[in-house]
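Written out below as structure tokens is the structure these notes cover.
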Amino acid sequence: MDYQKIIEEVYQEVQSENKRGKVADYIPELANVNPDQFGIGLVDLEGNVFGVGDYEVPFSIQSISKVHTLVMVFHVFKSKLWSRVNVEPSGNPFNSIAQLEFEKGVPRNPFINAGALVITDALCSKFENPIEQISAYINELSGKSCVRINSSVKESEKNHAERNTALAYFLKAYQNFENEVDQVLDVYFSHCAMEMSCLDLARSFSFLANDGYSIFANREIVSESHARRINALMLTCGFYDEAGEFAFRVGLPGKSGVGGGVAAVMPHKFSIAVWSPELNEKGNSVKAIRALELLTDKLSFSLF
Ligand SMILES: NC(=O)CC[C@H](N)C(=O)O
């Protein structure tokens, strides 16, 4: 399979269609990125890498980091975690407050903000220095030291943290939050403000395409059955209230972030990350989703 040729074709087609969206500005620092950037990085299970466009430019991974933090806790907490977070698609925006109250403080899934805050809280209970642990973990998955926390993005989000702070206090009111709200939010904003390139991000997701074994870390990260469950969660919940649409159009487990990135896996074949900062109204990258749709069309396979 000539992945390089295929992603170059996809890149050209998406560029010529030039579908536009709007860069996230509720985190003001994110609005300062050049909206024309666009990159695709793909890694196969032998470790061959393929890339086109801005695939080596670091960008803000935002909610894609929720997959890494979930994996860290999945391993440690096993089934106990699932009394604190559900595994159902939310059908609501990622920062919905109404749904959390309606469901009595148990978030729908680990990828909406409320669920990710529970996961980050669990990491704070487990580790003395969670930020360092998360960075080291992602570096290990990528097989190199590539994670950098952009402190301007972190501070920018901290200064506009009303909704996430409200979600954290709601969780605390329902006794689903063990640590101090400010401490957990600081760790959460830090992992959202991590920057990586498409290529390094694709490397960090490779184990999910490979039954849990990372060829970059040279070890089993999670068991084969856990890898299947994490992929199921990405397929059903990875794109918030657009998860159905992504499964319909693309058909791969994946996760988006408001920095404009999408990471996805084709089990037993490859992992891929696509980045373009302009978003649709659901907070997902317009060009990244289109690129993945064209890719699975050209490959004539997806999960289905
Ligand atoms: N969907 C996202 O990428 C949201 C992440 C962002 N840091 C937030 O908490 O709002």
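By convention here, the chains of the structure tokens are called A, B, ... in the order presented, each chain's residues are numbered starting at 1, and ligands are numbered starting at 1 in the order presented.
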
* **Close residues to ligand 1 using only C-alpha atoms and all ligand atoms, limit 8 Å, as a PyMOL selection string** => chain A and resi 27+61-64+94-95+112-113+157+164+188-189+192-193+256-259+283-284

Emit the selected residues as a PDB file, in the first residue's frame, including C-alpha atoms.
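Saved result, again.pdb, follows:
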```pdb
ATOM      1  CA  ILE A  27      -9.183  30.025  24.459  1.00  0.00           C
ATOM      2  CA  ILE A  61      -3.337  18.763  21.001  1.00  0.00           C
ATOM      3  CA  GLN A  62      -6.062  19.896  23.468  1.00  0.00           C
ATOM      4  CA  SER A  63      -8.667  17.141  23.974  1.00  0.00           C
ATOM      5  CA  ILE A  64      -6.640  14.524  22.112  1.00  0.00           C
ATOM      6  CA  PHE A  94     -18.109  18.715  25.071  1.00  0.00           C
ATOM      7  CA  ASN A  95     -18.520  21.305  27.825  1.00  0.00           C
ATOM      8  CA  ILE A 112     -16.315  15.126  27.353  1.00  0.00           C
ATOM      9  CA  ASN A 113     -14.776  17.719  29.661  1.00  0.00           C
ATOM     10  CA  GLU A 157      -7.338  28.784  29.131  1.00  0.00           C
ATOM     11  CA  ASN A 164     -14.505  23.879  33.414  1.00  0.00           C
ATOM     12  CA  TYR A 188      -6.026  19.432  33.052  1.00  0.00           C
ATOM     13  CA  PHE A 189      -5.053  22.721  31.378  1.00  0.00           C
ATOM     14  CA  CYS A 192      -4.626  20.220  27.031  1.00  0.00           C
ATOM     15  CA  ALA A 193      -1.828  22.754  26.323  1.00  0.00           C
ATOM     16  CA  SER A 256     -10.412  15.452  18.059  1.00  0.00           C
ATOM     17  CA  GLY A 257      -9.194  18.566  19.849  1.00  0.00           C
ATOM     18  CA  VAL A 258     -10.093  22.250  19.530  1.00  0.00           C
ATOM     19  CA  GLY A 259      -6.524  22.964  18.411  1.00  0.00           C
ATOM     20  CA  GLY A 283     -15.475  22.077  17.580  1.00  0.00           C
ATOM     21  CA  ASN A 284     -13.927  19.567  15.159  1.00  0.00           C
TER      22      ASN A 284
END
```

Using only C-alpha atoms, what table do you get, as JSON lines, when you list each residue of region 4-115 of chain A with an atom no more than 10 Å from region 129-139 of chain A, its nearest pair of atoms, and their distance in Å rounded to one decimal, rows by chain then rising number?
```
{"residue": "A:Ser65", "atom": "CA", "partner": "A:Ile138", "partner_atom": "CA", "distance": 8.8}
{"residue": "A:His68", "atom": "CA", "partner": "A:Ile138", "partner_atom": "CA", "distance": 6.9}
{"residue": "A:Thr69", "atom": "CA", "partner": "A:Ile134", "partner_atom": "CA", "distance": 6.9}
{"residue": "A:Val71", "atom": "CA", "partner": "A:Tyr137", "partner_atom": "CA", "distance": 9.8}
{"residue": "A:Met72", "atom": "CA", "partner": "A:Tyr137", "partner_atom": "CA", "distance": 8.0}
```

Would you list the contacts of Gly105 (chain A) as a PDB file with C-alpha atoms, in the first residue's frame, taking every protein, DNA or RNA residue within 7 Å and counting only C-alpha atoms, but skipping same-chain residues closer than 3 positions in sequence?
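Below is the file that was written, around32.pdb:
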```
ATOM      1  CA  LEU A 100     -23.811  16.561  34.244  1.00  0.00           C
ATOM      2  CA  GLU A 101     -26.480  17.758  36.659  1.00  0.00           C
ATOM      3  CA  PHE A 170     -20.468  20.087  40.166  1.00  0.00           C
ATOM      4  CA  LEU A 171     -18.447  16.866  40.282  1.00  0.00           C
ATOM      5  CA  TYR A 174     -21.703  14.849  43.768  1.00  0.00           C
ATOM      6  CA  ASN A 176     -17.072  12.415  42.328  1.00  0.00           C
TER       7      ASN A 176
END
```

* Using only C-alpha atoms, determine which residues lie at most 6 Å from Ser302 (chain A), disregarding the query and same-chain residues fewer than 4 positions distant; provide the list as a list of chain:residue names. => A:Gly251, A:Leu252, A:Thr296

* To do: Tell me, in Å to one decimal, how far CA of Ala288 (chain A) is from CA of Val187 (chain A).
  => 27.1 Å

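All residues within region 128-249 of chain A that the backbone DSSP calculation assigns to strand (DSSP E or B) are Arg148, Ile149, Met194, Glu195, Met196, Tyr213, Ser214, Arg219 and Glu220 of chain A.
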
* Which of region 53-101 of chain A counts as alpha helix (DSSP H) under DSSP, as an MDAnalysis selection string please? -> chainID A and resid 65:77 98:101

Residues from last step as file, C-alpha atoms, as a compact mmCIF listing (two decimals), in the first residue's frame:
```
# COMPACT_ATOMS: atom_id res chain seq x y z
CA SER A 65 -4.61 14.32 25.34
CA LYS A 66 -7.75 12.88 26.99
CA VAL A 67 -6.96 9.58 25.27
CA HIS A 68 -3.47 9.49 26.78
CA THR A 69 -4.73 10.35 30.27
CA LEU A 70 -7.50 7.75 30.01
CA VAL A 71 -4.99 5.09 29.00
CA MET A 72 -2.81 5.93 32.02
CA VAL A 73 -5.74 5.45 34.38
CA PHE A 74 -7.36 2.56 32.52
CA HIS A 75 -4.34 0.49 33.36
CA VAL A 76 -4.21 1.46 37.00
CA PHE A 77 -7.85 1.55 37.99
CA ALA A 98 -26.81 20.62 32.01
CA GLN A 99 -26.09 16.96 31.23
CA LEU A 100 -23.81 16.56 34.24
CA GLU A 101 -26.48 17.76 36.66
```

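Distance annotation: of A:Ala227, A:Ile97, A:Val181, A:Ala232, the residue with the minimal separation from Cys124 (chain A) is A:Val181; atom set is only C-alpha atoms.
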